[in-house]
Amino acid sequence: MTQQLTGKVALVTGGSRGIGAAIVRRLARDGARVAFTYSSTKDHAEALVEEITITGGRALAIQADSGDPDAVRQAVAHAVDALGGLDILVNNAGVAHVAPLEDFPLEEFDRMVAVNVRGVFTAIQAAAPHLGRGGRIITIGSINADRVPVPGIGAYSLTKAAVAGLGRGLARELGPRGITVNTIQPGPTATDMNPDSGPFAEAMKAMLPVGHYAQPTDIASAVAYLAGPEARFITGVAWDVDGGFAV
């Protein structure tokens, strides 16, 4: 199998588990040297590094809270220094809180904005000086930026709509430098935090034309395409990878 990312360096925020870990595995499989951040799941992070190393890849785990701008900047600098540059940034770290409007704690709102929006902006701001022509910035948003099927997630949806707008604006700004900026908007995806079984999952499946949740590897495949050379003319896109959820 051709490794289309051989010689490239990638940084994935929030890469120790779930969708993030699937992205790390796929980019490494495609030949990239991959750094990834994690907040608290050190055992998952170390196991992922070992897994990739055993298969002949190169991975680096960096502890960093995406809600802390200094930690984000330091993670970018660490990845660049340790792996010899940066070609691909994948903003995957994110948090969610669900609650009725009247009961929604402002500290949870602030935390979501800090991680899901400011953390993305800070990572891009820190990474951009290191990206050359052919650089890739990919943010994992959510289909909830465009479709809100249940109550209590308005604030979360706000943060995901914000990063889609940010991506469009930065595509215009960074395009002349040969850097593409895109957002992937997953639909329901099976992770330990969002299992594809149970009453809630069954209600979501009823809204999916394909009748099933995505697997993290489905999202990773979309990331790999946008990270590769064939996607050089795609920028400013919010790509729904959602099984038709938004149809």
# chains A, B, ... in the order shown; residues from 1 in each chain; ligands from 1
call {"tool": "residues_around", "arguments": {"residues": "region 22-39 of chain A", "least_positions_apart": "3", "cutoff": "6 Å", "atoms": "only C-alpha atoms", "output": "PyMOL selection string"}}
result
chain A and resi 3-6+8-16+19+57-65+79+216-217+220
call {"tool": "select_by_dssp", "arguments": {"residues": "region 19-180 of chain A", "states": "helix (DSSP H, G or I)", "output": "VMD selection string"}}
result
chain A and resid 19 to 29 42 to 54 69 to 83 101 to 103 106 to 130 143 to 145 154 to 177
call {"tool": "closest_atom_pairs", "arguments": {"of": "region 77-98 of chain A", "to": "region 148-163 of chain A", "cutoff": "9 Å", "atoms": "only C-alpha atoms", "output": "tab-separated table"}}
result
residue	atom	partner	partner_atom	distance
A:Val95	CA	A:Tyr156	CA	8.3
A:Ala96	CA	A:Tyr156	CA	6.0
A:His97	CA	A:Tyr156	CA	7.0
A:Val98	CA	A:Gly152	CA	5.1
call {"tool": "select_by_dssp", "arguments": {"residues": "region 110-186 of chain A", "states": "strand (DSSP E or B)", "output": "list in words"}}
result
Arg136, Ile137, Ile138, Thr139, Ile140, Thr180, Val181, Asn182, Thr183, Ile184, Gln185 and Pro186 of chain A
call {"tool": "write_last_selection", "arguments": {"atoms": "C-alpha atoms", "output": "JSON list (two decimals), in the first residue's frame"}}
result
[["chain", "number", "residue", "atom", "x", "y", "z"],
["A", 136, "ARG", "CA", -2.97, 20.97, 5.92],
["A", 137, "ILE", "CA", -5.21, 22.17, 8.76],
["A", 138, "ILE", "CA", -8.19, 19.93, 9.53],
["A", 139, "THR", "CA", -10.64, 20.53, 12.37],
["A", 140, "ILE", "CA", -13.07, 17.93, 13.66],
["A", 180, "THR", "CA", -5.62, 24.29, 3.00],
["A", 181, "VAL", "CA", -8.06, 24.63, 5.90],
["A", 182, "ASN", "CA", -11.06, 22.31, 6.19],
["A", 183, "THR", "CA", -13.58, 21.12, 8.76],
["A", 184, "ILE", "CA", -14.96, 17.59, 9.04],
["A", 185, "GLN", "CA", -18.42, 17.39, 10.60],
["A", 186, "PRO", "CA", -19.03, 13.84, 11.86]]
call {"tool": "closest_residue", "arguments": {"among": "A:Arg17, A:Glu202, A:Gln125, A:His130", "to": "Glu173 (chain A)", "atoms": "only C-alpha atoms"}}
result
A:Gln125
call {"tool": "residues_around", "arguments": {"residues": "Ser197 (chain A)", "least_positions_apart": "6", "cutoff": "10 Å", "atoms": "only C-alpha atoms", "output": "MDAnalysis selection string"}}
result
chainID A and resid 190 203:205 212:213
call {"tool": "write_last_selection", "arguments": {"atoms": "C-alpha atoms", "output": "PDB file, in the first residue's frame"}}
result
ATOM      1  CA  ALA A 190     -19.398   5.012  18.056  1.00  0.00           C
ATOM      2  CA  ALA A 203     -33.237   7.139  18.352  1.00  0.00           C
ATOM      3  CA  MET A 204     -30.223   8.523  16.487  1.00  0.00           C
ATOM      4  CA  LYS A 205     -30.084   5.527  14.128  1.00  0.00           C
ATOM      5  CA  HIS A 212     -25.912   2.721  11.687  1.00  0.00           C
ATOM      6  CA  TYR A 213     -23.334   4.838  13.492  1.00  0.00           C
TER       7      TYR A 213
END
call {"tool": "atom_distance", "arguments": {"atom1": "CA of Leu86 (chain A)", "atom2": "CA of Gly132 (chain A)"}}
result
8.4 Å
call {"tool": "closest_residue", "arguments": {"among": "A:Val120, A:Ile234, A:Met193, A:Ala201", "to": "Gly134 (chain A)", "atoms": "only C-alpha atoms"}}
result
A:Ile234
call {"tool": "atom_distance", "arguments": {"atom1": "CA of Ala206 (chain A)", "atom2": "CA of Leu101 (chain A)"}}
result
25.8 Å
call {"tool": "residues_around", "arguments": {"residues": "Gln215 (chain A)", "least_positions_apart": "5", "cutoff": "12 Å", "atoms": "only C-alpha atoms", "output": "list of chain:residue names"}}
result
A:Gly18, A:Ile19, A:Gly20, A:Ala21, A:Ala22, A:Ile23, A:Pro186, A:Gly187, A:Pro188, A:Thr189, A:Ala190, A:Thr191, A:Asp192, A:Asn194, A:Pro195, A:Asp196, A:Ala220, A:Ser221, A:Ala222, A:Val241, A:Asp242, A:Gly243
call {"tool": "write_last_selection", "arguments": {"atoms": "C-alpha atoms", "output": "mmCIF file, in the first residue's frame"}}
result
data_model
loop_
_atom_site.group_PDB
_atom_site.id
_atom_site.type_symbol
_atom_site.label_atom_id
_atom_site.label_comp_id
_atom_site.auth_asym_id
_atom_site.auth_seq_id
_atom_site.Cartn_x
_atom_site.Cartn_y
_atom_site.Cartn_z
ATOM 1 C CA GLY A 18 -11.837 7.468 20.230
ATOM 2 C CA ILE A 19 -11.831 9.384 16.961
ATOM 3 C CA GLY A 20 -8.500 11.018 17.791
ATOM 4 C CA ALA A 21 -6.718 7.691 18.267
ATOM 5 C CA ALA A 22 -8.165 6.400 14.991
ATOM 6 C CA ILE A 23 -6.797 9.499 13.244
ATOM 7 C CA PRO A 186 -19.034 13.836 11.860
ATOM 8 C CA GLY A 187 -22.475 12.506 12.539
ATOM 9 C CA PRO A 188 -23.159 9.940 15.282
ATOM 10 C CA THR A 189 -19.934 8.006 15.784
ATOM 11 C CA ALA A 190 -19.398 5.012 18.056
ATOM 12 C CA THR A 191 -16.945 5.741 20.866
ATOM 13 C CA ASP A 192 -16.803 4.857 24.549
ATOM 14 C CA ASN A 194 -21.069 7.795 22.618
ATOM 15 C CA PRO A 195 -21.917 4.077 22.317
ATOM 16 C CA ASP A 196 -23.878 2.836 19.321
ATOM 17 C CA ALA A 220 -10.057 8.973 10.143
ATOM 18 C CA SER A 221 -10.414 8.001 6.478
ATOM 19 C CA ALA A 222 -11.857 11.425 5.681
ATOM 20 C CA VAL A 241 -19.299 12.760 7.235
ATOM 21 C CA ASP A 242 -22.598 11.807 8.784
ATOM 22 C CA GLY A 243 -24.305 8.895 7.032
#
call {"tool": "residues_around", "arguments": {"residues": "Leu174 (chain A)", "least_positions_apart": "3", "cutoff": "10 Å", "atoms": "only C-alpha atoms", "output": "PDB file with N, CA and C atoms, in the first residue's frame"}}
result
ATOM      1  N   ALA A 128       0.669  27.618  12.258  1.00  0.00           N
ATOM      2  CA  ALA A 128       0.750  28.243  10.934  1.00  0.00           C
ATOM      3  C   ALA A 128       2.156  28.667  10.523  1.00  0.00           C
ATOM      4  N   LEU A 131       4.020  25.726   8.907  1.00  0.00           N
ATOM      5  CA  LEU A 131       3.443  25.032   7.752  1.00  0.00           C
ATOM      6  C   LEU A 131       3.903  25.691   6.458  1.00  0.00           C
ATOM      7  N   ARG A 133       4.078  25.284   1.939  1.00  0.00           N
ATOM      8  CA  ARG A 133       3.154  24.964   0.860  1.00  0.00           C
ATOM      9  C   ARG A 133       2.810  23.481   0.921  1.00  0.00           C
ATOM     10  N   GLY A 135       0.738  22.515   3.251  1.00  0.00           N
ATOM     11  CA  GLY A 135       0.314  22.326   4.632  1.00  0.00           C
ATOM     12  C   GLY A 135      -1.182  22.071   4.724  1.00  0.00           C
ATOM     13  N   ILE A 137      -4.560  21.957   7.468  1.00  0.00           N
ATOM     14  CA  ILE A 137      -5.212  22.172   8.762  1.00  0.00           C
ATOM     15  C   ILE A 137      -6.602  21.572   8.656  1.00  0.00           C
ATOM     16  N   GLY A 169     -12.894  31.294   7.042  1.00  0.00           N
ATOM     17  CA  GLY A 169     -12.127  32.535   7.049  1.00  0.00           C
ATOM     18  C   GLY A 169     -10.639  32.304   6.872  1.00  0.00           C
ATOM     19  N   LEU A 170     -10.111  31.265   7.554  1.00  0.00           N
ATOM     20  CA  LEU A 170      -8.683  31.005   7.476  1.00  0.00           C
ATOM     21  C   LEU A 170      -8.284  30.364   6.148  1.00  0.00           C
ATOM     22  N   ALA A 171      -9.225  29.698   5.495  1.00  0.00           N
ATOM     23  CA  ALA A 171      -8.938  29.175   4.161  1.00  0.00           C
ATOM     24  C   ALA A 171      -8.609  30.322   3.216  1.00  0.00           C
ATOM     25  N   ARG A 177      -0.684  30.974   0.785  1.00  0.00           N
ATOM     26  CA  ARG A 177       0.557  30.338   1.240  1.00  0.00           C
ATOM     27  C   ARG A 177       0.590  28.847   0.920  1.00  0.00           C
ATOM     28  N   GLY A 178      -0.440  28.367   0.212  1.00  0.00           N
ATOM     29  CA  GLY A 178      -0.480  26.962  -0.165  1.00  0.00           C
ATOM     30  C   GLY A 178      -0.967  26.049   0.939  1.00  0.00           C
ATOM     31  N   ILE A 179      -1.634  26.602   1.941  1.00  0.00           N
ATOM     32  CA  ILE A 179      -2.143  25.832   3.079  1.00  0.00           C
ATOM     33  C   ILE A 179      -3.660  25.701   2.956  1.00  0.00           C
ATOM     34  N   THR A 180      -4.175  24.489   3.027  1.00  0.00           N
ATOM     35  CA  THR A 180      -5.618  24.291   3.002  1.00  0.00           C
ATOM     36  C   THR A 180      -6.162  24.183   4.421  1.00  0.00           C
ATOM     37  N   VAL A 181      -7.403  24.640   4.594  1.00  0.00           N
ATOM     38  CA  VAL A 181      -8.059  24.629   5.903  1.00  0.00           C
ATOM     39  C   VAL A 181      -9.468  24.077   5.723  1.00  0.00           C
ATOM     40  N   THR A 235     -10.458  23.413  -0.050  1.00  0.00           N
ATOM     41  CA  THR A 235     -10.223  24.250   1.129  1.00  0.00           C
ATOM     42  C   THR A 235     -11.481  25.048   1.451  1.00  0.00           C
TER      43      THR A 235
END
call {"tool": "atom_distance", "arguments": {"atom1": "CA of Asn144 (chain A)", "atom2": "CA of Asp240 (chain A)"}}
result
10.1 Å
call {"tool": "residues_around", "arguments": {"residues": "Arg118 (chain A)", "least_positions_apart": "5", "cutoff": "12 Å", "atoms": "only C-alpha atoms", "output": "list in words"}}
result
Asp65, Ser66, Gly67, Asp68, Pro69, Asp70, Val72, Arg73, Asn91, Ala93, Gly94, Asp110, Arg111, Met112, Val113, Ala123, Ile124, Gln125, Thr159, Lys160, Ala162, Val163 and Leu166 of chain A
